[in-house]
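S.K.: One structure follows; several queries about it will come next.
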Amino acid sequence: MAALVLVSVAVAGCTGETPGTATPTPGTSPSSAPSAAPEDPNVPKVANPLDASAFVGDVCKLLPAAAAAELGFTAPGESKGEGSNPGCSWQIRGKADSLLIILGSGNREKGMGGIAGLHKAKEAGQLRFLEPGPEVDGYPTVYYGLQDRRASGSCDLAVGVADDLAISTLAKGYDNEQDSCGTAQKLASAVIKTLKGA
């Protein structure tokens with residue numbers, strides 16, 4: 001089940017801009033790749049794409065030790081191979097709380113990258129739950145999954161860092177929706193700060 005959801009998570013790092021396009025209006029941006037398909041008005045555009053290609057080989061570097069400690073995780077992250085999408089997880093010994101970052105680079109390669117890819121996965125029945133989330137540091141997010149597990153303390157959040165790349169920041173094992181989704185949003189913010197500094 002996890003692999004199915006992860007397949008729909010978007011892929012890393014796109015910095016291309018289309019030359020000769022007009023200045024975008026607020027909330028829109030030029031497409032980073034030409035597409036014959038009409039654009040989905042429900043999919044927010046990424047105004048300032050970030051390049052995550054340097055982290056494909058080591059997703060754990062997206063969350064520096066100091067940022068992980070601020071979230072309560074002092075043990076190093078552990079690399080995870082989730083199909084074609086690399087990831088990294090953090091645990092707290094003796095507690096259920098855990099974090100997971102999944103870089104959707106494999107989804108990008110399959111043409112299923114970004115928040116648009118999650119919408120396609122929902123339309124195809126791979127996801128049953130997809131709902132817009134709050135912007136994090138100016139980047140669009142969605143909550144997604146096989147089901148909505150936020151009330152039980154597990155929050156699956158994907159942040160669009162490029163039109164064809166999303167990074168999932170998952171917080172699991174928390175007491176409630178506020179704690180899990182608050183943590184997932186803080187994790188997304190830490191990832192964005194890392195990408196901006198790369």
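The way I read the labels, and the way they are meant: chains A, B, ... in the order of the structure tokens, residue 1 as the first residue of every chain, and ligand 1 as the first ligand shown, with later ones counted on from there.
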DSSP on the backbone: which residues in region 57-157 of chain A end up as helix (DSSP H, G or I)? Give the answer as a PyMOL selection string.
M.R.: chain A and resi 59-62+65-70+105-109+114-123+150-152
S.K.: Go ahead and save the picked residues with N, CA and C atoms, as a short mmCIF file (atom, residue, chain, number, x, y, z; two decimals), in the first residue's frame.
M.R.:
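Contents of result_33.cif, freshly written:
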data_model
loop_
_atom_site.label_atom_id
_atom_site.label_comp_id
_atom_site.auth_asym_id
_atom_site.auth_seq_id
_atom_site.Cartn_x
_atom_site.Cartn_y
_atom_site.Cartn_z
N VAL A 59 18.64 11.68 0.50
CA VAL A 59 17.49 12.48 0.90
C VAL A 59 17.63 12.94 2.35
N CYS A 60 18.36 12.20 3.16
CA CYS A 60 18.52 12.56 4.58
C CYS A 60 19.14 13.94 4.74
N LYS A 61 19.92 14.40 3.76
CA LYS A 61 20.55 15.72 3.84
C LYS A 61 19.54 16.86 3.71
N LEU A 62 18.30 16.54 3.29
CA LEU A 62 17.26 17.58 3.21
C LEU A 62 16.85 18.09 4.59
N ALA A 65 20.73 18.02 10.86
CA ALA A 65 20.60 17.51 12.24
C ALA A 65 19.99 18.55 13.17
N ALA A 66 20.37 19.82 13.03
CA ALA A 66 19.83 20.86 13.92
C ALA A 66 18.33 21.03 13.71
N ALA A 67 17.88 20.98 12.45
CA ALA A 67 16.45 21.11 12.16
C ALA A 67 15.69 19.90 12.66
N ALA A 68 16.29 18.70 12.53
CA ALA A 68 15.64 17.49 13.05
C ALA A 68 15.50 17.57 14.56
N ALA A 69 16.53 18.09 15.24
CA ALA A 69 16.49 18.20 16.70
C ALA A 69 15.39 19.16 17.14
N GLU A 70 15.15 20.23 16.37
CA GLU A 70 14.07 21.17 16.69
C GLU A 70 12.70 20.48 16.64
N SER A 105 11.38 12.03 -7.26
CA SER A 105 12.14 12.06 -8.51
C SER A 105 11.71 10.96 -9.47
N GLY A 106 11.36 9.81 -8.96
CA GLY A 106 10.89 8.72 -9.82
C GLY A 106 9.57 9.06 -10.47
N ASN A 107 8.69 9.74 -9.74
CA ASN A 107 7.41 10.14 -10.31
C ASN A 107 7.61 11.14 -11.45
N ARG A 108 8.58 12.04 -11.27
CA ARG A 108 8.88 13.02 -12.33
C ARG A 108 9.28 12.29 -13.61
N GLU A 109 10.16 11.30 -13.47
CA GLU A 109 10.63 10.55 -14.63
C GLU A 109 9.49 9.83 -15.34
N GLY A 114 5.15 16.28 -9.31
CA GLY A 114 4.50 17.46 -8.79
C GLY A 114 3.12 17.19 -8.21
N ILE A 115 2.49 18.27 -7.77
CA ILE A 115 1.13 18.15 -7.25
C ILE A 115 0.19 17.69 -8.35
N ALA A 116 0.50 18.05 -9.61
CA ALA A 116 -0.31 17.58 -10.74
C ALA A 116 -0.33 16.05 -10.80
N GLY A 117 0.81 15.42 -10.49
CA GLY A 117 0.88 13.96 -10.50
C GLY A 117 -0.01 13.34 -9.44
N LEU A 118 -0.12 13.99 -8.29
CA LEU A 118 -1.01 13.49 -7.24
C LEU A 118 -2.47 13.60 -7.68
N HIS A 119 -2.81 14.68 -8.37
CA HIS A 119 -4.17 14.80 -8.90
C HIS A 119 -4.45 13.70 -9.92
N LYS A 120 -3.45 13.39 -10.78
CA LYS A 120 -3.62 12.31 -11.75
C LYS A 120 -3.81 10.97 -11.03
N ALA A 121 -3.04 10.76 -9.96
CA ALA A 121 -3.16 9.51 -9.20
C ALA A 121 -4.54 9.40 -8.56
N LYS A 122 -5.07 10.51 -8.09
CA LYS A 122 -6.42 10.51 -7.51
C LYS A 122 -7.46 10.16 -8.58
N GLU A 123 -7.32 10.78 -9.75
CA GLU A 123 -8.26 10.50 -10.85
C GLU A 123 -8.18 9.03 -11.27
N ARG A 150 -5.47 11.95 9.26
CA ARG A 150 -5.03 13.07 10.09
C ARG A 150 -5.59 13.01 11.51
N ALA A 151 -6.86 12.67 11.65
CA ALA A 151 -7.48 12.66 12.97
C ALA A 151 -6.83 11.63 13.89
N SER A 152 -6.22 10.60 13.31
CA SER A 152 -5.56 9.57 14.13
C SER A 152 -4.08 9.87 14.35
#
S.K.: Can you pull out the residues contacting Val56 (chain A)? Cut-off 8 Å, using only C-alpha atoms, and skip same-chain residues under 2 positions away; I want them as number ranges by chain.
M.R.: A: 12, 52-54, 58-59, 86, 103, 105
S.K.: List the spatial neighbours of Ser89 (chain A) as a ChimeraX atom specification - criterion: any atom at most 9 Å away, only C-alpha atoms, same-chain residues fewer than 6 positions off excluded.
M.R.: /A:60,76-80,98-102
S.K.: Can you list, as a PyMOL selection string, every protein, DNA or RNA residue that comes within 6 Å of Leu146 (chain A) when you count only C-alpha atoms, leaving out same-chain residues fewer than 5 positions away?
M.R.: chain A and resi 127-129
S.K.: Any chance you can output those residues with all heavy atoms as a CSV table (one decimal), in the first residue's frame?
M.R.:
chain,number,residue,atom,x,y,z
A,127,LEU,N,-5.1,7.1,-5.3
A,127,LEU,CA,-5.4,7.8,-4.0
A,127,LEU,C,-6.8,8.0,-3.9
A,127,LEU,O,-7.6,8.3,-4.8
A,127,LEU,CB,-4.7,9.2,-4.1
A,127,LEU,CG,-3.2,9.2,-4.2
A,127,LEU,CD1,-2.7,10.7,-4.3
A,127,LEU,CD2,-2.5,8.6,-3.0
A,128,ARG,N,-7.3,7.8,-2.6
A,128,ARG,CA,-8.7,8.1,-2.4
A,128,ARG,C,-8.9,9.4,-1.7
A,128,ARG,O,-10.0,10.0,-1.7
A,128,ARG,CB,-9.3,7.0,-1.4
A,128,ARG,CG,-9.3,5.6,-2.1
A,128,ARG,CD,-10.2,4.6,-1.3
A,128,ARG,NE,-9.9,3.3,-1.7
A,128,ARG,CZ,-9.2,2.4,-1.1
A,128,ARG,NH1,-8.7,2.7,0.1
A,128,ARG,NH2,-9.1,1.2,-1.6
A,129,PHE,N,-7.8,10.0,-1.2
A,129,PHE,CA,-7.9,11.2,-0.4
A,129,PHE,C,-6.9,12.2,-1.0
A,129,PHE,O,-5.7,11.9,-1.1
A,129,PHE,CB,-7.7,11.0,1.1
A,129,PHE,CG,-7.5,12.2,1.9
A,129,PHE,CD1,-8.5,13.1,2.0
A,129,PHE,CD2,-6.2,12.5,2.4
A,129,PHE,CE1,-8.3,14.3,2.8
A,129,PHE,CE2,-6.0,13.6,3.2
A,129,PHE,CZ,-7.0,14.5,3.4
S.K.: Return the single residue from A:Val191, A:Gly111, A:Gly145, A:Ile92 that is closest to Tyr174 (chain A), with distances computed using only C-alpha atoms.
M.R.: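 So, comparing all the options, the nearest one is A:Ile92.
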S.K.: Work out how far CA of Ala184 (chain A) is from CA of Asp156 (chain A), in Å to one decimal.
M.R.: 7.4 Å
S.K.: Run DSSP on the backbone and grab whatever in region 34-119 of chain A lands in strand (DSSP E or B); send it over as number ranges by chain.
M.R.: A: 78-82, 85-91, 98-103
S.K.: Go ahead and save the residues from that selection, with N, CA, C and O atoms, as a PDB file, in the first residue's frame.
M.R.:
ATOM      1  N   GLU A  78      17.459   7.618   8.421  1.00  0.00           N
ATOM      2  CA  GLU A  78      17.802   6.348   7.780  1.00  0.00           C
ATOM      3  C   GLU A  78      17.257   6.353   6.358  1.00  0.00           C
ATOM      4  O   GLU A  78      16.066   6.565   6.132  1.00  0.00           O
ATOM      5  N   SER A  79      18.154   6.143   5.380  1.00  0.00           N
ATOM      6  CA  SER A  79      17.747   6.148   3.979  1.00  0.00           C
ATOM      7  C   SER A  79      16.735   5.045   3.710  1.00  0.00           C
ATOM      8  O   SER A  79      16.842   3.935   4.233  1.00  0.00           O
ATOM      9  N   LYS A  80      15.741   5.385   2.878  1.00  0.00           N
ATOM     10  CA  LYS A  80      14.691   4.439   2.500  1.00  0.00           C
ATOM     11  C   LYS A  80      14.577   4.450   0.992  1.00  0.00           C
ATOM     12  O   LYS A  80      14.544   5.506   0.374  1.00  0.00           O
ATOM     13  N   GLY A  81      14.478   3.292   0.413  1.00  0.00           N
ATOM     14  CA  GLY A  81      14.212   3.207  -1.022  1.00  0.00           C
ATOM     15  C   GLY A  81      12.748   2.850  -1.211  1.00  0.00           C
ATOM     16  O   GLY A  81      12.357   1.732  -0.961  1.00  0.00           O
ATOM     17  N   GLU A  82      11.952   3.821  -1.612  1.00  0.00           N
ATOM     18  CA  GLU A  82      10.520   3.585  -1.826  1.00  0.00           C
ATOM     19  C   GLU A  82      10.277   3.506  -3.323  1.00  0.00           C
ATOM     20  O   GLU A  82       9.898   4.484  -3.959  1.00  0.00           O
ATOM     21  N   ASN A  85      11.294   6.314  -5.877  1.00  0.00           N
ATOM     22  CA  ASN A  85      11.336   7.567  -5.132  1.00  0.00           C
ATOM     23  C   ASN A  85      12.161   7.390  -3.862  1.00  0.00           C
ATOM     24  O   ASN A  85      11.737   6.706  -2.942  1.00  0.00           O
ATOM     25  N   PRO A  86      13.357   8.008  -3.790  1.00  0.00           N
ATOM     26  CA  PRO A  86      14.188   7.851  -2.593  1.00  0.00           C
ATOM     27  C   PRO A  86      13.590   8.593  -1.401  1.00  0.00           C
ATOM     28  O   PRO A  86      12.873   9.580  -1.563  1.00  0.00           O
ATOM     29  N   GLY A  87      13.887   8.094  -0.200  1.00  0.00           N
ATOM     30  CA  GLY A  87      13.349   8.711   1.005  1.00  0.00           C
ATOM     31  C   GLY A  87      14.307   8.617   2.176  1.00  0.00           C
ATOM     32  O   GLY A  87      15.401   8.052   2.077  1.00  0.00           O
ATOM     33  N   CYS A  88      13.886   9.200   3.301  1.00  0.00           N
ATOM     34  CA  CYS A  88      14.653   9.141   4.542  1.00  0.00           C
ATOM     35  C   CYS A  88      13.678   9.223   5.701  1.00  0.00           C
ATOM     36  O   CYS A  88      12.721  10.010   5.656  1.00  0.00           O
ATOM     37  N   SER A  89      13.902   8.401   6.737  1.00  0.00           N
ATOM     38  CA  SER A  89      12.994   8.396   7.885  1.00  0.00           C
ATOM     39  C   SER A  89      13.759   8.656   9.183  1.00  0.00           C
ATOM     40  O   SER A  89      14.960   8.395   9.276  1.00  0.00           O
ATOM     41  N   TRP A  90      13.023   9.194  10.144  1.00  0.00           N
ATOM     42  CA  TRP A  90      13.556   9.473  11.486  1.00  0.00           C
ATOM     43  C   TRP A  90      12.612   8.860  12.505  1.00  0.00           C
ATOM     44  O   TRP A  90      11.386   8.914  12.341  1.00  0.00           O
ATOM     45  N   GLN A  91      13.175   8.292  13.583  1.00  0.00           N
ATOM     46  CA  GLN A  91      12.393   7.677  14.654  1.00  0.00           C
ATOM     47  C   GLN A  91      12.853   8.236  15.998  1.00  0.00           C
ATOM     48  O   GLN A  91      13.982   8.706  16.111  1.00  0.00           O
ATOM     49  N   SER A  98       7.248   9.476  14.200  1.00  0.00           N
ATOM     50  CA  SER A  98       8.239   9.266  13.152  1.00  0.00           C
ATOM     51  C   SER A  98       8.025  10.285  12.037  1.00  0.00           C
ATOM     52  O   SER A  98       6.931  10.822  11.865  1.00  0.00           O
ATOM     53  N   LEU A  99       9.102  10.557  11.319  1.00  0.00           N
ATOM     54  CA  LEU A  99       9.075  11.458  10.172  1.00  0.00           C
ATOM     55  C   LEU A  99       9.564  10.697   8.951  1.00  0.00           C
ATOM     56  O   LEU A  99      10.396   9.793   9.056  1.00  0.00           O
ATOM     57  N   LEU A 100       9.075  11.088   7.785  1.00  0.00           N
ATOM     58  CA  LEU A 100       9.527  10.494   6.535  1.00  0.00           C
ATOM     59  C   LEU A 100       9.504  11.584   5.468  1.00  0.00           C
ATOM     60  O   LEU A 100       8.514  12.313   5.340  1.00  0.00           O
ATOM     61  N   ILE A 101      10.611  11.707   4.737  1.00  0.00           N
ATOM     62  CA  ILE A 101      10.674  12.586   3.567  1.00  0.00           C
ATOM     63  C   ILE A 101      10.803  11.675   2.351  1.00  0.00           C
ATOM     64  O   ILE A 101      11.629  10.762   2.330  1.00  0.00           O
ATOM     65  N   ILE A 102       9.977  11.923   1.345  1.00  0.00           N
ATOM     66  CA  ILE A 102      10.070  11.170   0.091  1.00  0.00           C
ATOM     67  C   ILE A 102      10.259  12.172  -1.041  1.00  0.00           C
ATOM     68  O   ILE A 102       9.448  13.080  -1.227  1.00  0.00           O
ATOM     69  N   LEU A 103      11.341  11.997  -1.785  1.00  0.00           N
ATOM     70  CA  LEU A 103      11.640  12.843  -2.928  1.00  0.00           C
ATOM     71  C   LEU A 103      11.028  12.191  -4.165  1.00  0.00           C
ATOM     72  O   LEU A 103      11.383  11.066  -4.505  1.00  0.00           O
TER      73      LEU A 103
END
S.K.: Take CA of Lys172 (chain A) and CA of Leu130 (chain A) and report the distance between them in Å, one decimal.
M.R.: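 Computing it gives 17.4 Å between the two atoms.
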S.K.: With distances taken over only C-alpha atoms, which of A:Asp137, A:Asp179, A:Asp148, A:Asp97 is nearest to Leu195 (chain A)?
M.R.: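 When distances to Leu195 (chain A) are compared using only C-alpha atoms, the smallest one comes from A:Asp137.
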S.K.: For a quick check of understanding, using only C-alpha atoms, which of A:Gln126, A:Asp164, A:Leu71, A:Lys110 has the smallest distance to Ser180 (chain A)?
M.R.: A:Leu71
S.K.: Compare A:Ala96, A:Leu63, A:Ala124, A:Ile192 by their minimum atom-to-atom distance to Ala162 (chain A), counting only C-alpha atoms, and give me the closest one.
M.R.: A:Ile192
S.K.: I'd like to know which of A:Ala75, A:Val161, A:Met112, A:Cys155 is closest to Asn48 (chain A), using only C-alpha atoms.
M.R.: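 The closest residue to Asn48 (chain A) is A:Val161.
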S.K.: If you measure from CA of Glu135 (chain A) to CA of Gly182 (chain A), what distance in Å do you get, rounded to one decimal?
M.R.: 12.4 Å
S.K.: Just the residues within 6 Å of Thr141 (chain A), please, counting only C-alpha atoms, with nothing from its chain fewer than 2 positions along; format it as a list in words.
M.R.: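 The residues that qualify are Gly133, Glu135, Ala158 and Val159 of chain A.
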S.K.: So that I have them on file, write out the residues from the current selection with all heavy atoms, as a compact mmCIF listing (two decimals), in the first residue's frame.
M.R.:
# COMPACT_ATOMS: atom_id res chain seq x y z
N GLY A 133 -3.69 21.84 0.92
CA GLY A 133 -3.14 22.18 2.23
C GLY A 133 -2.73 23.65 2.23
O GLY A 133 -2.85 24.34 1.22
N GLU A 135 -0.24 26.91 2.17
CA GLU A 135 1.07 27.21 1.59
C GLU A 135 2.12 27.13 2.69
O GLU A 135 1.86 27.53 3.83
CB GLU A 135 1.09 28.60 0.96
CG GLU A 135 0.55 28.64 -0.43
CD GLU A 135 0.96 29.90 -1.18
OE1 GLU A 135 1.61 30.80 -0.59
OE2 GLU A 135 0.63 29.97 -2.38
N ALA A 158 2.30 16.75 0.87
CA ALA A 158 3.23 16.89 -0.25
C ALA A 158 3.34 18.37 -0.58
O ALA A 158 2.34 19.06 -0.70
CB ALA A 158 2.75 16.11 -1.47
N VAL A 159 4.58 18.85 -0.72
CA VAL A 159 4.82 20.24 -1.08
C VAL A 159 5.38 20.28 -2.50
O VAL A 159 6.30 19.55 -2.84
CB VAL A 159 5.77 20.94 -0.06
CG1 VAL A 159 7.10 20.22 0.05
CG2 VAL A 159 5.98 22.40 -0.43
